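Asks: Structure: final.cif, mmCIF, C-alpha atoms.
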data_target
#
loop_
_atom_site.label_atom_id
_atom_site.label_comp_id
_atom_site.auth_asym_id
_atom_site.auth_seq_id
_atom_site.Cartn_x
_atom_site.Cartn_y
_atom_site.Cartn_z
CA LYS A 53 -225.37 34.42 67.09
CA VAL A 54 -227.29 31.23 67.77
CA ASN A 55 -230.77 30.39 68.96
CA SER A 56 -230.25 29.34 72.55
CA ASN A 57 -232.52 29.16 75.58
CA LEU A 58 -231.65 29.44 79.25
CA ARG A 59 -232.63 26.25 81.07
CA TYR A 60 -232.92 25.39 84.75
CA CYS A 61 -232.42 21.90 86.18
CA PHE A 62 -234.60 21.28 89.25
CA ASN A 63 -232.45 18.28 90.18
CA CYS A 64 -228.99 19.86 90.29
CA THR A 65 -230.29 23.49 90.37
CA LEU A 66 -227.94 24.56 87.59
CA CYS A 67 -228.97 27.31 85.17
CA PHE A 68 -227.42 26.86 81.73
CA PHE A 69 -227.72 27.59 78.02
CA ASP A 70 -229.06 24.62 76.09
CA TYR A 71 -226.75 25.39 73.15
CA ARG A 72 -223.40 23.74 73.85
CA TYR A 73 -220.38 24.80 71.84
CA SER A 74 -218.79 22.28 69.52
CA LYS A 75 -215.12 21.36 69.98
CA ARG A 76 -214.29 23.34 66.84
CA GLU A 77 -216.03 26.46 68.18
CA LEU A 78 -214.19 26.19 71.49
CA ASP A 79 -210.85 25.66 69.75
CA ASN A 80 -211.48 28.78 67.66
CA LEU A 81 -212.49 30.85 70.69
CA TYR A 82 -209.65 29.87 73.00
CA SER A 83 -206.94 29.68 70.35
CA GLU A 84 -204.14 32.19 69.81
CA GLY A 85 -205.35 35.79 69.99
CA TYR A 86 -208.04 35.00 72.57
CA ALA A 87 -207.66 38.35 74.37
CA GLU A 88 -207.99 40.25 71.09
CA LYS A 89 -211.14 38.32 70.18
CA ARG A 90 -212.56 39.01 73.63
CA SER A 91 -212.09 42.75 73.25
CA LYS A 92 -214.51 42.76 70.30
CA TYR A 93 -217.52 42.05 72.52
CA ILE A 94 -216.39 43.05 76.04
CA LYS A 95 -215.89 46.81 76.36
CA ALA A 96 -213.58 46.66 79.36
CA PHE A 97 -210.98 44.75 77.34
CA GLN A 98 -210.85 47.46 74.65
CA GLU A 99 -208.98 49.88 76.94
CA LYS A 100 -205.59 48.18 76.91
CA ALA A 101 -203.69 51.48 76.63
CA ASN A 102 -205.36 52.94 79.69
CA LYS A 103 -202.80 53.14 82.53
CA ARG A 104 -205.51 53.01 85.18
CA ILE A 105 -206.73 49.69 83.78
CA THR A 106 -203.17 48.31 83.78
CA SER A 107 -202.67 49.41 87.38
CA TYR A 108 -206.01 47.88 88.39
CA LYS A 109 -205.10 44.58 86.73
CA PHE A 110 -201.87 44.40 88.75
CA ARG A 111 -203.74 45.09 91.98
CA ALA A 112 -206.41 42.52 91.07
CA SER A 113 -203.81 39.84 90.33
CA SER A 114 -202.02 40.45 93.63
CA LYS A 115 -205.27 40.36 95.58
CA ARG A 116 -206.52 37.18 93.90
CA LYS A 117 -203.25 35.37 94.58
CA LEU A 118 -203.56 36.34 98.24
CA ILE A 119 -207.18 35.10 98.37
CA VAL A 120 -206.12 31.68 97.04
CA PHE A 121 -203.25 31.47 99.54
CA GLU A 122 -205.46 32.48 102.49
CA ASN A 123 -208.04 29.85 101.58
CA TYR A 124 -205.38 27.15 101.31
CA LEU A 125 -203.98 27.99 104.76
CA LYS A 126 -207.44 27.61 106.32
CA PHE A 127 -207.16 23.83 106.03
CA ARG A 128 -203.56 22.96 105.12
CA LYS A 129 -200.09 23.91 106.34
CA PHE A 130 -197.19 25.41 104.42
CA GLN A 131 -195.24 22.47 102.98
CA ARG A 132 -191.66 21.63 102.16
CA LYS A 133 -192.51 20.62 98.58
CA ALA A 134 -195.78 20.72 96.62
CA ASP A 135 -197.13 20.26 93.10
CA VAL A 136 -199.84 22.74 92.11
CA LEU A 137 -202.11 22.58 89.05
CA ASP A 138 -204.04 25.60 87.78
CA PHE A 139 -206.84 24.25 85.58
CA GLY A 140 -207.55 26.86 82.89
CA GLY A 141 -205.21 29.32 84.59
CA TRP A 142 -204.10 31.35 81.55
CA HIS A 143 -200.68 32.79 82.58
CA GLY A 144 -200.58 31.19 86.02
CA GLU A 145 -200.01 34.47 87.81
CA ASN A 146 -202.53 33.58 90.53
CA ILE A 147 -200.74 30.43 91.69
CA PRO A 148 -199.48 31.02 95.26
CA GLU A 149 -196.34 29.66 96.89
CA ILE A 150 -197.76 26.99 99.20
CA ALA A 151 -194.37 25.34 99.85
CA LYS A 152 -190.67 26.13 99.99
CA GLN A 153 -190.52 24.41 96.60
CA THR A 154 -193.75 24.91 94.66
CA ASN A 155 -193.86 23.19 91.28
CA LYS A 156 -196.45 25.08 89.22
CA TYR A 157 -198.36 23.69 86.23
CA ILE A 158 -201.13 25.04 84.02
CA LEU A 159 -203.54 22.90 82.03
CA ASP A 160 -204.99 25.41 79.58
CA LYS A 161 -206.67 25.23 76.18
CA SER A 162 -205.03 28.42 74.89
CA LYS A 163 -201.43 28.50 73.67
CA HIS A 164 -199.63 31.46 75.21
CA GLU A 165 -196.71 32.52 77.37
CA THR A 166 -196.87 31.71 81.06
CA SER A 167 -195.57 33.51 84.12
CA SER A 168 -192.02 32.81 85.28
CA GLY A 169 -191.61 29.39 86.85
CA VAL A 170 -194.93 28.04 85.50
CA SER A 171 -195.07 25.07 83.10
CA LEU A 172 -197.87 24.90 80.51
CA ILE A 173 -199.09 21.33 79.92
CA SER A 174 -201.61 20.01 77.36
CA GLU A 175 -202.48 16.88 79.36
CA ILE A 176 -201.85 15.27 82.72
CA LYS A 177 -199.31 12.47 82.66
CA SER A 178 -200.33 9.00 83.80
CA GLY A 179 -199.91 8.65 87.56
CA GLN A 180 -199.34 12.38 88.09
CA LYS A 181 -200.93 13.71 91.29
CA PHE A 182 -201.18 17.19 92.77
CA ASP A 183 -201.19 18.56 96.32
CA PHE A 184 -203.32 21.55 95.34
CA ILE A 185 -205.55 22.10 92.31
CA MET A 186 -207.09 25.48 91.59
CA SER A 187 -209.51 26.67 88.94
CA THR A 188 -210.62 30.28 88.94
CA HIS A 189 -213.46 31.56 86.75
CA VAL A 190 -213.39 28.49 84.51
CA PHE A 191 -216.35 26.24 85.36
CA GLU A 192 -218.87 28.71 83.96
CA HIS A 193 -217.24 28.12 80.53
CA LEU A 194 -217.17 24.32 80.53
CA LEU A 195 -219.32 22.04 78.36
CA LYS A 196 -219.28 19.23 80.94
CA PRO A 197 -218.31 20.67 84.35
CA LEU A 198 -219.01 17.41 86.18
CA ASN A 199 -216.64 15.42 83.96
CA ASP A 200 -213.92 18.03 84.47
CA LEU A 201 -214.35 18.11 88.25
CA LYS A 202 -214.15 14.30 88.33
CA LEU A 203 -210.92 14.51 86.32
CA LEU A 204 -209.45 16.97 88.83
CA ALA A 205 -210.53 14.74 91.72
CA SER A 206 -208.81 11.75 90.09
CA VAL A 207 -205.43 13.53 90.02
CA LEU A 208 -205.72 15.02 93.52
CA LYS A 209 -203.53 13.51 96.23
CA LYS A 210 -205.25 11.82 99.15
CA ASP A 211 -204.85 14.83 101.46
CA GLY A 212 -204.95 17.42 98.67
CA LEU A 213 -207.28 20.39 98.18
CA ILE A 214 -209.26 21.70 95.21
CA TYR A 215 -209.96 25.44 95.14
CA LEU A 216 -212.62 26.91 92.84
CA GLU A 217 -213.73 30.45 92.08
CA ILE A 218 -217.11 30.54 90.33
CA PRO A 219 -219.00 33.76 89.46
CA ALA A 220 -222.26 34.22 91.34
CA ASP A 221 -224.25 35.16 88.25
CA ILE A 222 -227.62 34.62 89.91
CA VAL A 223 -228.95 37.48 87.79
CA GLY A 224 -229.03 34.85 85.04
CA LEU A 225 -231.96 33.24 86.83
CA ILE A 226 -234.00 36.45 86.67
CA LYS A 227 -233.17 37.93 83.29
CA LYS A 228 -231.70 36.11 80.32
CA PRO A 229 -228.13 37.36 79.82
CA PRO A 230 -226.44 37.48 76.41
CA MET A 231 -224.70 34.23 75.48
CA TYR A 232 -220.96 34.52 74.95
CA GLU A 233 -218.38 32.56 76.96
CA HIS A 234 -220.42 31.92 80.09
CA ILE A 235 -222.80 29.02 79.45
CA ASN A 236 -223.29 27.82 83.06
CA TYR A 237 -224.74 29.86 85.93
CA PHE A 238 -223.99 28.34 89.32
CA SER A 239 -225.64 28.87 92.69
CA ARG A 240 -224.61 27.60 96.12
CA ASN A 241 -226.95 24.63 95.65
CA SER A 242 -225.60 23.64 92.23
CA ILE A 243 -222.01 23.83 93.51
CA ILE A 244 -222.89 21.55 96.43
CA LYS A 245 -224.60 19.11 94.07
CA LEU A 246 -221.66 19.19 91.64
CA ALA A 247 -219.19 18.41 94.42
CA SER A 248 -221.35 15.58 95.74
CA MET A 249 -221.63 13.96 92.28
CA ALA A 250 -217.84 14.13 91.96
CA ASN A 251 -217.45 12.42 95.37
CA LEU A 252 -215.93 15.50 96.96
CA ASP A 253 -216.65 17.20 100.27
CA ILE A 254 -217.07 20.95 100.57
CA LEU A 255 -214.86 22.28 103.35
CA SER A 256 -215.80 25.89 102.72
CA ILE A 257 -218.06 27.88 100.39
CA GLU A 258 -218.10 31.65 100.63
CA LEU A 259 -219.58 34.45 98.55
CA ARG A 260 -217.25 37.41 98.31
CA LYS A 261 -216.49 40.52 96.27
CA TYR A 262 -212.98 41.22 94.98
CA PRO A 263 -211.13 42.83 92.04
CA TYR A 264 -210.96 40.69 88.91
CA GLU A 265 -209.05 41.78 85.77
CA ASN A 266 -210.28 45.38 85.39
CA HIS A 267 -213.57 45.21 87.29
CA GLU A 268 -215.11 43.98 90.53
CA THR A 269 -216.60 40.50 90.66
CA ILE A 270 -218.86 38.65 93.07
CA ALA A 271 -217.97 34.98 93.17
CA TYR A 272 -218.04 31.83 95.26
CA THR A 273 -214.72 30.70 96.69
CA VAL A 274 -214.95 26.96 97.27
CA LEU A 275 -212.61 24.47 98.95
CA LEU A 276 -212.99 20.75 98.26
CA GLN A 277 -211.33 17.58 99.45
CA HIS A 278 -211.81 13.86 98.90
CA PHE A 279 -215.02 12.34 100.27
CA SER A 280 -215.05 12.03 104.07
CA THR A 281 -217.80 12.64 106.63
CA ASN A 282 -219.19 16.09 105.83
CA LYS A 283 -222.82 15.17 106.60
CA PHE A 284 -224.22 18.69 106.41
CA PHE A 285 -223.58 19.06 102.71
CA LYS A 286 -224.53 15.46 101.90
CA LYS A 287 -228.02 15.93 103.32
CA ASN A 288 -228.88 18.67 100.84
CA ASN A 289 -232.65 18.30 101.10
CA PHE A 290 -235.37 20.68 99.87
CA LEU A 291 -235.36 22.81 103.03
CA ILE A 292 -231.58 23.29 102.87
CA LYS A 293 -231.88 24.24 99.18
CA ILE A 294 -234.40 26.96 100.06
CA ILE A 295 -232.18 28.25 102.88
CA ASN A 296 -229.16 28.30 100.56
CA LEU A 297 -231.15 30.23 97.96
CA PHE A 298 -232.05 32.92 100.50
CA VAL A 299 -228.45 33.04 101.74
CA ASP A 300 -227.26 33.61 98.16
CA ILE A 301 -229.75 36.42 97.53
CA ILE A 302 -229.14 38.21 100.85
CA GLN A 303 -225.34 38.00 100.60
CA TYR A 304 -225.40 39.10 96.95
CA ILE A 305 -227.48 42.18 97.80
CA MET A 306 -225.19 43.03 100.73
CA LEU A 307 -222.10 42.78 98.50
CA ASN A 308 -223.68 44.64 95.59
CA PRO A 309 -226.12 47.19 97.09
CA ILE A 310 -228.51 49.31 95.03
CA LYS A 311 -226.63 52.39 96.29
CA TYR A 312 -223.66 51.27 94.16
CA TYR A 313 -225.75 51.35 91.00
CA LEU A 314 -227.32 54.72 91.89
CA THR A 315 -223.87 56.25 92.48
CA LYS A 316 -222.61 54.82 89.21
CA SER A 317 -225.66 56.18 87.38
CA LYS A 318 -225.14 59.68 88.86
CA LEU A 319 -221.49 59.70 87.81
CA ARG A 320 -222.46 58.63 84.31
CA SER A 321 -225.02 61.45 84.08
CA LYS A 322 -222.49 63.97 85.38
CA ASN A 323 -219.88 62.96 82.82
CA ASN A 324 -222.45 62.84 80.00
CA PRO A 325 -224.92 65.71 80.66
CA LYS A 326 -226.60 65.22 77.26
CA GLN A 327 -227.81 61.74 78.22
#
If you convert what's in this file into structure tokens, what do you get?

Replies:
Amino acid sequence: KVNSNLRYCFNCTLCFFDYRYSKRELDNLYSEGYAEKRSKYIKAFQEKANKRITSYKFRASSKRKLIVFENYLKFRKFQRKADVLDFGGWHGENIPEIAKQTNKYILDKSKHETSSGVSLISEIKSGQKFDFIMSTHVFEHLLKPLNDLKLLASVLKKDGLIYLEIPADIVGLIKKPPMYEHINYFSRNSIIKLASMANLDILSIELRKYPYENHETIAYTVLLQHFSTNKFFKKNNFLIKIINLFVDIIQYIMLNPIKYYLTKSKLRSKNNPKQ
């Protein structure tokens, strides 16, 4: 419980909390027992014994892995051998097989078991490069997202790809959300600006809805590569920013219609007639 205000940068169009966690606070949060700590303030994580939740998690994991793979194949071919890094990937269960021999690595702050065939690393070795780098639902947690994206770009092979999934929490621009793990609220414009500042081109940016853990999420799926000649995203002037803002709002409403909330409210009333 800290005194923190939600700020908006008119230059990079990022919405963020002005309180930034200290290294000690982050180490405490993402240390051993992270999932247990999370369950204390996120209701959905308190239902571990629920079989439906377990089943949903399995379906969500399978779907997310497929989404990553489909996005990779949009711009790159299946390889003979590839090194893949999942930045902040927890167990690594979402890393797809993009080659006959896929060497999988996770760079993660938390110390925990990883999925079969995945190596957990604490730092990237000197000279180590990756064919594919992915980071799903991580950048909203980071103290310095630009520094981290520059780091990922520096260890990406010349023809490699970076894949990001970033929650479209545009509601944070309208109503101040509670501060917990998410301290950055990205829009299409702020993602484009972030990529440009890291000398990366955006090959694709898409807003989509899909299962995540034990709930549905609306997030941007973004594909990046080393700087080339993508002039459209480089000329991100005021008019384009306004257009992008309207695109975000319209697509968000289409993916998350009011009818969904009304149906959910009716079901809640039916199950709890006293309310």

Asks: Write out as a list in words which residues come within 9 Å of A:Leu255 when counting only C-alpha atoms, dropping same-chain ones fewer than 2 positions away.

Replies: Phe127, Asp253, Ile257, Val274, Leu275, Leu276, Gln277 and Asn282 of chain A

Asks: Atom CA of A:Ile235 to atom CA of A:Asn296: how many Å, to one decimal?

Replies: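 If I compute the distance from atom CA of A:Ile235 to atom CA of A:Asn296, I get 22.1 Å.
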
Asks: Using only C-alpha atoms, find the one residue out of A:Cys67, A:Gly141, A:Leu216, A:His189 that sits nearest to A:Thr166.

Replies: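 Counting only C-alpha atoms, the residue closest to A:Thr166 is A:Gly141.
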
Asks: Quick one, how far is atom CA of A:Asn80 from atom CA of A:Tyr215?

Replies: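 So the answer is 27.7 Å.
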
Asks: Taking all atoms listed in the file into account, which of A:Asn241, A:Asn146, A:Gln153, A:Ser168 comes nearest A:Ile292?

Replies: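 Looking only at the distances to A:Ile292, the closest residue turns out to be A:Asn241.
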
Asks: Using all atoms listed in the file, which of A:Ala205, A:Thr269, A:Arg132, A:Leu137 sits nearest A:Ser174?

Replies: A:Leu137

Asks: Go through A:Val54, A:Ile244, A:Leu172, A:Leu259 and flag the residue nearest A:Leu159, using only C-alpha atoms for the distances.

Replies: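 Ranked by minimum distance to A:Leu159, first place goes to A:Leu172.
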
Asks: Using only C-alpha atoms, find the one residue out of A:Glu192, A:Glu88, A:Asp183, A:Glu165 that sits nearest to A:Met231.

Replies: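 The shortest atom-to-atom distance to A:Met231 comes from A:Glu192.
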
Asks: Taking the file as shown, find all residues satisfying the PyMOL selection byres ((chain A and resi 72) around 9) and write them as a list in words.

Replies: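 Checked against the file, the PyMOL selection byres ((chain A and resi 72) around 9) matches Ser56, Phe69, Asp70, Tyr71, Tyr73, Ser74, Leu195 and Ile235 of chain A.
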
Asks: Go ahead and dump the residues you just picked, C-alpha atoms, as a PDB file, in the frame of the given file.

Replies:
ATOM      1  CA  SER A  56    -230.250  29.340  72.550  1.00  0.00           C
ATOM      2  CA  PHE A  69    -227.720  27.590  78.020  1.00  0.00           C
ATOM      3  CA  ASP A  70    -229.060  24.620  76.090  1.00  0.00           C
ATOM      4  CA  TYR A  71    -226.750  25.390  73.150  1.00  0.00           C
ATOM      5  CA  TYR A  73    -220.380  24.800  71.840  1.00  0.00           C
ATOM      6  CA  SER A  74    -218.790  22.280  69.520  1.00  0.00           C
ATOM      7  CA  LEU A 195    -219.320  22.040  78.360  1.00  0.00           C
ATOM      8  CA  ILE A 235    -222.800  29.020  79.450  1.00  0.00           C
TER       9      ILE A 235
END

Asks: Set the distance at 10 Å and use only C-alpha atoms: which residues neighbour A:Glu175 once local chain neighbours fewer than 5 positions away are removed? I'd like the list as a PyMOL selection string.

Replies: chain A and resi 158-161

Asks: So how far away is atom CA of A:Ile214 from atom CA of A:Ser256, in Å?

Replies: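 Separating atom CA of A:Ser256 from atom CA of A:Ile214 is a distance of 10.8 Å.
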
Asks: Here is a test: counting only C-alpha atoms, which residue of A:Asn266, A:Ser242, A:Asn199, A:Ser187 is nearest to A:Val120?

Replies: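 Using only C-alpha atoms, A:Val120 sits closest to A:Ser187.
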
Asks: Show me, as a list in words, the residues that have an atom within 12 Å of A:Glu268 when counting only C-alpha atoms, minus same-chain residues fewer than 3 positions from it.

Replies: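 Skipping anything fewer than 3 positions along the chain leaves Ala96, Tyr108, Lys109, Arg111, Ala112, Lys115, Arg116, Pro219, Arg260, Lys261, Tyr262, Pro263, Tyr264, Glu265, Ala271, Leu307, Asn308 and Tyr312 of chain A.
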
Asks: Which residues, written as a PyMOL selection string, have at least one atom at most 10 Å from A:Ile243, with all atoms listed in the file counted and residues fewer than 6 positions away on the same chain left out?

Replies: chain A and resi 64-66+216+218+249+254+257+272+274

Asks: Please expand the PyMOL selection byres ((chain A and resi 207-209) around 7) into the concrete residues it hits in this file, giving the result as a PDB file with C-alpha atoms, in the coordinates of the input.

Replies:
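The new file result24.pdb reads:
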ATOM      1  CA  GLN A 180    -199.340  12.380  88.090  1.00  0.00           C
ATOM      2  CA  LYS A 181    -200.930  13.710  91.290  1.00  0.00           C
ATOM      3  CA  PHE A 182    -201.180  17.190  92.770  1.00  0.00           C
ATOM      4  CA  ASP A 183    -201.190  18.560  96.320  1.00  0.00           C
ATOM      5  CA  LEU A 203    -210.920  14.510  86.320  1.00  0.00           C
ATOM      6  CA  LEU A 204    -209.450  16.970  88.830  1.00  0.00           C
ATOM      7  CA  ALA A 205    -210.530  14.740  91.720  1.00  0.00           C
ATOM      8  CA  SER A 206    -208.810  11.750  90.090  1.00  0.00           C
ATOM      9  CA  LYS A 210    -205.250  11.820  99.150  1.00  0.00           C
ATOM     10  CA  ASP A 211    -204.850  14.830 101.460  1.00  0.00           C
ATOM     11  CA  GLY A 212    -204.950  17.420  98.670  1.00  0.00           C
TER      12      GLY A 212
END

Asks: Any idea what's packed within 12 Å of A:Ile301, counting all atoms listed in the file, ignoring anything in its chain fewer than 2 positions away? Could you give it as a ChimeraX atom specification?

Replies: /A:220-223,225-226,239-240,259,270,294-299,303-309

Asks: Once N, CA and C atoms are restored for stretch 244-274 of chain A, what would the output be as a PDB file, in the frame of the given file?

Replies:
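Saved to part34.pdb:
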ATOM      1  N   ILE A 244    -222.839  22.657  95.476  1.00  0.00           N
ATOM      2  CA  ILE A 244    -222.890  21.550  96.430  1.00  0.00           C
ATOM      3  C   ILE A 244    -223.231  20.244  95.728  1.00  0.00           C
ATOM      4  N   LYS A 245    -224.194  20.303  94.814  1.00  0.00           N
ATOM      5  CA  LYS A 245    -224.600  19.110  94.070  1.00  0.00           C
ATOM      6  C   LYS A 245    -223.459  18.615  93.177  1.00  0.00           C
ATOM      7  N   LEU A 246    -222.780  19.539  92.521  1.00  0.00           N
ATOM      8  CA  LEU A 246    -221.660  19.190  91.640  1.00  0.00           C
ATOM      9  C   LEU A 246    -220.565  18.474  92.419  1.00  0.00           C
ATOM     10  N   ALA A 247    -220.230  19.012  93.581  1.00  0.00           N
ATOM     11  CA  ALA A 247    -219.190  18.410  94.420  1.00  0.00           C
ATOM     12  C   ALA A 247    -219.596  17.005  94.882  1.00  0.00           C
ATOM     13  N   SER A 248    -220.853  16.875  95.280  1.00  0.00           N
ATOM     14  CA  SER A 248    -221.350  15.580  95.740  1.00  0.00           C
ATOM     15  C   SER A 248    -221.281  14.522  94.636  1.00  0.00           C
ATOM     16  N   MET A 249    -221.641  14.899  93.411  1.00  0.00           N
ATOM     17  CA  MET A 249    -221.630  13.960  92.280  1.00  0.00           C
ATOM     18  C   MET A 249    -220.207  13.579  91.879  1.00  0.00           C
ATOM     19  N   ALA A 250    -219.244  14.427  92.246  1.00  0.00           N
ATOM     20  CA  ALA A 250    -217.840  14.130  91.960  1.00  0.00           C
ATOM     21  C   ALA A 250    -217.158  13.451  93.152  1.00  0.00           C
ATOM     22  N   ASN A 251    -217.955  13.060  94.157  1.00  0.00           N
ATOM     23  CA  ASN A 251    -217.450  12.420  95.370  1.00  0.00           C
ATOM     24  C   ASN A 251    -216.431  13.289  96.111  1.00  0.00           C
ATOM     25  N   LEU A 252    -216.784  14.556  96.251  1.00  0.00           N
ATOM     26  CA  LEU A 252    -215.930  15.500  96.960  1.00  0.00           C
ATOM     27  C   LEU A 252    -216.729  16.167  98.075  1.00  0.00           C
ATOM     28  N   ASP A 253    -216.054  16.467  99.150  1.00  0.00           N
ATOM     29  CA  ASP A 253    -216.650  17.200 100.270  1.00  0.00           C
ATOM     30  C   ASP A 253    -216.342  18.683 100.135  1.00  0.00           C
ATOM     31  N   ILE A 254    -217.302  19.503 100.520  1.00  0.00           N
ATOM     32  CA  ILE A 254    -217.070  20.950 100.570  1.00  0.00           C
ATOM     33  C   ILE A 254    -216.605  21.320 101.973  1.00  0.00           C
ATOM     34  N   LEU A 255    -215.399  21.818 102.067  1.00  0.00           N
ATOM     35  CA  LEU A 255    -214.860  22.280 103.350  1.00  0.00           C
ATOM     36  C   LEU A 255    -215.330  23.699 103.638  1.00  0.00           C
ATOM     37  N   SER A 256    -215.434  24.483 102.561  1.00  0.00           N
ATOM     38  CA  SER A 256    -215.800  25.890 102.720  1.00  0.00           C
ATOM     39  C   SER A 256    -216.419  26.396 101.424  1.00  0.00           C
ATOM     40  N   ILE A 257    -217.481  27.189 101.549  1.00  0.00           N
ATOM     41  CA  ILE A 257    -218.060  27.880 100.390  1.00  0.00           C
ATOM     42  C   ILE A 257    -218.465  29.274 100.851  1.00  0.00           C
ATOM     43  N   GLU A 258    -217.918  30.264 100.187  1.00  0.00           N
ATOM     44  CA  GLU A 258    -218.100  31.650 100.630  1.00  0.00           C
ATOM     45  C   GLU A 258    -218.369  32.547  99.421  1.00  0.00           C
ATOM     46  N   LEU A 259    -219.291  33.470  99.589  1.00  0.00           N
ATOM     47  CA  LEU A 259    -219.580  34.450  98.550  1.00  0.00           C
ATOM     48  C   LEU A 259    -218.852  35.738  98.903  1.00  0.00           C
ATOM     49  N   ARG A 260    -218.022  36.211  97.997  1.00  0.00           N
ATOM     50  CA  ARG A 260    -217.250  37.410  98.310  1.00  0.00           C
ATOM     51  C   ARG A 260    -217.040  38.291  97.078  1.00  0.00           C
ATOM     52  N   LYS A 261    -216.717  39.543  97.335  1.00  0.00           N
ATOM     53  CA  LYS A 261    -216.490  40.520  96.270  1.00  0.00           C
ATOM     54  C   LYS A 261    -215.018  40.891  96.254  1.00  0.00           C
ATOM     55  N   TYR A 262    -214.396  40.902  95.079  1.00  0.00           N
ATOM     56  CA  TYR A 262    -212.980  41.220  94.980  1.00  0.00           C
ATOM     57  C   TYR A 262    -212.645  41.687  93.562  1.00  0.00           C
ATOM     58  N   PRO A 263    -211.501  42.365  93.380  1.00  0.00           N
ATOM     59  CA  PRO A 263    -211.130  42.830  92.040  1.00  0.00           C
ATOM     60  C   PRO A 263    -210.753  41.682  91.128  1.00  0.00           C
ATOM     61  N   TYR A 264    -211.237  41.739  89.889  1.00  0.00           N
ATOM     62  CA  TYR A 264    -210.960  40.690  88.910  1.00  0.00           C
ATOM     63  C   TYR A 264    -210.670  41.370  87.573  1.00  0.00           C
ATOM     64  N   GLU A 265    -209.471  41.124  87.023  1.00  0.00           N
ATOM     65  CA  GLU A 265    -209.050  41.780  85.770  1.00  0.00           C
ATOM     66  C   GLU A 265    -209.170  43.291  85.948  1.00  0.00           C
ATOM     67  N   ASN A 266    -210.137  43.924  85.270  1.00  0.00           N
ATOM     68  CA  ASN A 266    -210.280  45.380  85.390  1.00  0.00           C
ATOM     69  C   ASN A 266    -211.662  45.778  85.904  1.00  0.00           C
ATOM     70  N   HIS A 267    -212.273  44.906  86.702  1.00  0.00           N
ATOM     71  CA  HIS A 267    -213.570  45.210  87.290  1.00  0.00           C
ATOM     72  C   HIS A 267    -213.735  44.418  88.595  1.00  0.00           C
ATOM     73  N   GLU A 268    -214.797  44.715  89.317  1.00  0.00           N
ATOM     74  CA  GLU A 268    -215.110  43.980  90.530  1.00  0.00           C
ATOM     75  C   GLU A 268    -215.965  42.764  90.168  1.00  0.00           C
ATOM     76  N   THR A 269    -215.787  41.681  90.875  1.00  0.00           N
ATOM     77  CA  THR A 269    -216.600  40.500  90.660  1.00  0.00           C
ATOM     78  C   THR A 269    -217.158  39.994  91.981  1.00  0.00           C
ATOM     79  N   ILE A 270    -218.310  39.347  91.914  1.00  0.00           N
ATOM     80  CA  ILE A 270    -218.860  38.650  93.070  1.00  0.00           C
ATOM     81  C   ILE A 270    -218.854  37.177  92.719  1.00  0.00           C
ATOM     82  N   ALA A 271    -218.143  36.390  93.514  1.00  0.00           N
ATOM     83  CA  ALA A 271    -217.970  34.980  93.170  1.00  0.00           C
ATOM     84  C   ALA A 271    -217.927  34.105  94.414  1.00  0.00           C
ATOM     85  N   TYR A 272    -218.183  32.821  94.199  1.00  0.00           N
ATOM     86  CA  TYR A 272    -218.040  31.830  95.260  1.00  0.00           C
ATOM     87  C   TYR A 272    -216.574  31.395  95.304  1.00  0.00           C
ATOM     88  N   THR A 273    -216.021  31.336  96.501  1.00  0.00           N
ATOM     89  CA  THR A 273    -214.720  30.700  96.690  1.00  0.00           C
ATOM     90  C   THR A 273    -215.005  29.382  97.413  1.00  0.00           C
ATOM     91  N   VAL A 274    -214.571  28.289  96.799  1.00  0.00           N
ATOM     92  CA  VAL A 274    -214.950  26.960  97.270  1.00  0.00           C
ATOM     93  C   VAL A 274    -213.708  26.105  97.506  1.00  0.00           C
TER      94      VAL A 274
END
